[in-house]
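Notes for the one structure printed next.
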Amino acid sequence: MRKRGLNLVVAVILLFPAAVCQGVRIPLEIFTENSPYANDPGWDLYVDVWDGTGVVNFTFYNGSSLQSSVARIFYDDGSLLGVDEVINSDDYTFFKKVPAPQPLPGWDILVPPFEADREYSIGTPNPPPWKGVNDGDIANEWVTIRFNLINGGTLDDVIDELNSAVLRIGVYIIDLPEGYTESAVTPEPATVALLGLGTLFVLRRRRR
């Protein structure tokens, strides 16, 4: 999988009018080459992984300067994630559980292949480009997927699974110029290790 040095973002201090949470920020890296934009330097896709009481939250952002919209989210999901809930940023971003008969596009390029082993993915209804997490030039949007922790799991355990690629997260990106699409995934273990564990940060509220 290709590496983009500009995407190796460590967890940072952000503004959020609530409690301080523990977690990390992890980049999502394009791994398909469907378009002339696959290696565009304007990509800035990432997920904040942070804890709650007996839950773990995954908040997805698209800060790209490139026209794009995250339309579906997939989990190759390890052993710790139970029942989940979808929390949208506002009325303009709308994700819900949708049937997932098709895998993450490009799943078989990855080694090992990405197998979305939940019974559904998290995605947008029609029209997806307007309901997805759109690029930063259009809107400041996010979506949070909240999972109950099972099997005695903790946030650090979830980050360990991400760190070792036992748990992988993929997103499908649409609405690129000329109608192209790409897929992105959490990075290989060596990249995630650079992000560190247990960094304190305060999550920012995204405002339109």
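Labeling convention for the structure tokens: chains A, B, ... as they appear, residues from 1 per chain, ligands from 1 in order of appearance.
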
Find the spatial neighbours of Gly106 in chain A, counting only C-alpha atoms, within a cut-off of 8 Å - ignore same-chain residues fewer than 2 positions away - and output them as a CSV table (one decimal) with C-alpha atoms, in the first residue's frame.
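Written out: part.csv:
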chain,number,residue,atom,x,y,z
A,32,THR,CA,-6.9,2.0,-5.3
A,104,LEU,CA,-15.2,-2.6,0.1
A,108,ASP,CA,-8.8,-7.9,-2.9
A,109,ILE,CA,-5.9,-5.5,-3.7
A,110,LEU,CA,-4.9,-5.5,0.0
A,183,SER,CA,-11.2,3.5,-1.7

request  = Name all residues at most 7 Å from range 59-75 of chain A (count only C-alpha atoms; drop same-chain ones fewer than 2 positions away) and give them as a PyMOL selection string.
outcome  = chain A and resi 42-49+57+77+104+116+118+121-124+128-129+132-137+141-145+168-177

request  = For Val55 in chain A, list every protein, DNA or RNA residue within 9 Å, evaluated using only C-alpha atoms, and leave out those in the same chain fewer than 6 positions away; present the list as a VMD selection string.
outcome  = chain A and resid 81 146 to 150 154 to 155

ask   = What does the distance from CA of Leu167 in chain A to CA of Asp76 in chain A come to in Å, to one decimal?
value = 5.7 Å

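With distances restricted to only C-alpha atoms, A:Val98 is the closest residue to Tyr120 in chain A from A:Ile26, A:Val98, A:Val158, A:Ala184.
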
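CA of Glu182 in chain A is found 18.8 Å from CA of Pro112 in chain A.
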
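Neighbours of Lys131 in chain A closer than or equal to 8 Å, with only C-alpha atoms counted and sequence neighbours fewer than 6 positions away skipped, come out as Ala71, Tyr92, Thr93, Phe94, Phe95, Thr124 and Pro125 of chain A.
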
Filtering to C-alpha atoms, could you give me those residues as a compact mmCIF listing (two decimals), in the first residue's frame?
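Output saved as out-v2.txt:
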# COMPACT_ATOMS: atom_id res chain seq x y z
CA ALA A 71 -20.20 7.51 1.05
CA TYR A 92 -26.70 17.56 5.59
CA THR A 93 -24.77 14.44 6.53
CA PHE A 94 -26.83 11.28 6.84
CA PHE A 95 -25.44 7.78 7.33
CA THR A 124 -25.68 7.06 2.75
CA PRO A 125 -29.08 6.97 1.08

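In the backbone-derived DSSP annotation, strand (DSSP E or B) within range 100-188 of chain A comprises Tyr120, Ser121, Ile122, Gly123, Val133, Asn134, Trp142, Val143, Thr144, Ile145, Arg146, Phe147, Asn148, Leu149, Leu167, Arg168, Ile169, Gly170, Val171, Tyr172, Ile173, Ile174, Glu182, Ser183, Ala184 and Val185 of chain A.
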
Write the residues you've just listed into a file as an mmCIF file, in the first residue's frame, and include N, CA and C atoms for each of them.
data_model
loop_
_atom_site.group_PDB
_atom_site.id
_atom_site.type_symbol
_atom_site.label_atom_id
_atom_site.label_comp_id
_atom_site.auth_asym_id
_atom_site.auth_seq_id
_atom_site.Cartn_x
_atom_site.Cartn_y
_atom_site.Cartn_z
ATOM 1 N N TYR A 120 -23.568 -5.690 7.553
ATOM 2 C CA TYR A 120 -23.959 -4.467 6.865
ATOM 3 C C TYR A 120 -22.759 -3.536 6.834
ATOM 4 N N SER A 121 -22.857 -2.484 6.031
ATOM 5 C CA SER A 121 -21.897 -1.392 6.107
ATOM 6 C C SER A 121 -22.651 -0.159 6.583
ATOM 7 N N ILE A 122 -21.925 0.910 6.801
ATOM 8 C CA ILE A 122 -22.528 2.185 7.158
ATOM 9 C C ILE A 122 -22.459 3.058 5.920
ATOM 10 N N GLY A 123 -23.606 3.520 5.414
ATOM 11 C CA GLY A 123 -23.598 4.267 4.170
ATOM 12 C C GLY A 123 -24.700 5.296 4.091
ATOM 13 N N VAL A 133 -19.810 12.442 3.826
ATOM 14 C CA VAL A 133 -18.873 13.373 4.461
ATOM 15 C C VAL A 133 -18.096 14.040 3.338
ATOM 16 N N ASN A 134 -18.495 15.261 3.015
ATOM 17 C CA ASN A 134 -17.945 15.948 1.855
ATOM 18 C C ASN A 134 -16.631 16.640 2.171
ATOM 19 N N TRP A 142 -18.951 15.497 9.561
ATOM 20 C CA TRP A 142 -18.375 14.300 10.145
ATOM 21 C C TRP A 142 -19.487 13.291 10.398
ATOM 22 N N VAL A 143 -19.084 12.055 10.613
ATOM 23 C CA VAL A 143 -20.013 11.039 11.094
ATOM 24 C C VAL A 143 -19.269 10.204 12.124
ATOM 25 N N THR A 144 -19.955 9.857 13.227
ATOM 26 C CA THR A 144 -19.383 9.024 14.281
ATOM 27 C C THR A 144 -20.085 7.676 14.295
ATOM 28 N N ILE A 145 -19.302 6.613 14.281
ATOM 29 C CA ILE A 145 -19.818 5.257 14.468
ATOM 30 C C ILE A 145 -19.405 4.836 15.875
ATOM 31 N N ARG A 146 -20.386 4.560 16.717
ATOM 32 C CA ARG A 146 -20.142 4.215 18.119
ATOM 33 C C ARG A 146 -20.436 2.734 18.337
ATOM 34 N N PHE A 147 -19.461 2.023 18.891
ATOM 35 C CA PHE A 147 -19.604 0.595 19.153
ATOM 36 C C PHE A 147 -19.576 0.328 20.652
ATOM 37 N N ASN A 148 -20.409 -0.591 21.112
ATOM 38 C CA ASN A 148 -20.249 -1.155 22.435
ATOM 39 C C ASN A 148 -18.992 -2.021 22.449
ATOM 40 N N LEU A 149 -18.233 -1.926 23.511
ATOM 41 C CA LEU A 149 -17.067 -2.787 23.666
ATOM 42 C C LEU A 149 -17.497 -4.115 24.283
ATOM 43 N N LEU A 167 -7.834 -5.271 13.340
ATOM 44 C CA LEU A 167 -8.989 -4.447 13.005
ATOM 45 C C LEU A 167 -8.573 -3.482 11.903
ATOM 46 N N ARG A 168 -9.336 -3.460 10.809
ATOM 47 C CA ARG A 168 -9.094 -2.499 9.733
ATOM 48 C C ARG A 168 -10.406 -1.799 9.401
ATOM 49 N N ILE A 169 -10.287 -0.553 8.973
ATOM 50 C CA ILE A 169 -11.440 0.252 8.592
ATOM 51 C C ILE A 169 -11.227 0.730 7.159
ATOM 52 N N GLY A 170 -12.257 0.607 6.333
ATOM 53 C CA GLY A 170 -12.180 1.077 4.958
ATOM 54 C C GLY A 170 -13.313 2.031 4.643
ATOM 55 N N VAL A 171 -13.071 2.954 3.725
ATOM 56 C CA VAL A 171 -14.112 3.872 3.271
ATOM 57 C C VAL A 171 -14.122 3.905 1.748
ATOM 58 N N TYR A 172 -15.308 4.108 1.220
ATOM 59 C CA TYR A 172 -15.508 4.234 -0.225
ATOM 60 C C TYR A 172 -15.811 5.690 -0.527
ATOM 61 N N ILE A 173 -15.039 6.276 -1.446
ATOM 62 C CA ILE A 173 -15.116 7.703 -1.737
ATOM 63 C C ILE A 173 -15.655 7.905 -3.145
ATOM 64 N N ILE A 174 -16.683 8.740 -3.272
ATOM 65 C CA ILE A 174 -17.313 9.002 -4.566
ATOM 66 C C ILE A 174 -17.241 10.496 -4.870
ATOM 67 N N GLU A 182 -12.693 6.171 -5.440
ATOM 68 C CA GLU A 182 -11.513 5.525 -4.866
ATOM 69 C C GLU A 182 -11.904 4.895 -3.534
ATOM 70 N N SER A 183 -11.018 4.060 -3.013
ATOM 71 C CA SER A 183 -11.199 3.469 -1.691
ATOM 72 C C SER A 183 -9.968 3.767 -0.839
ATOM 73 N N ALA A 184 -10.197 3.875 0.478
ATOM 74 C CA ALA A 184 -9.111 4.135 1.417
ATOM 75 C C ALA A 184 -9.252 3.207 2.607
ATOM 76 N N VAL A 185 -8.145 3.023 3.328
ATOM 77 C CA VAL A 185 -8.134 2.098 4.451
ATOM 78 C C VAL A 185 -7.180 2.624 5.515
#
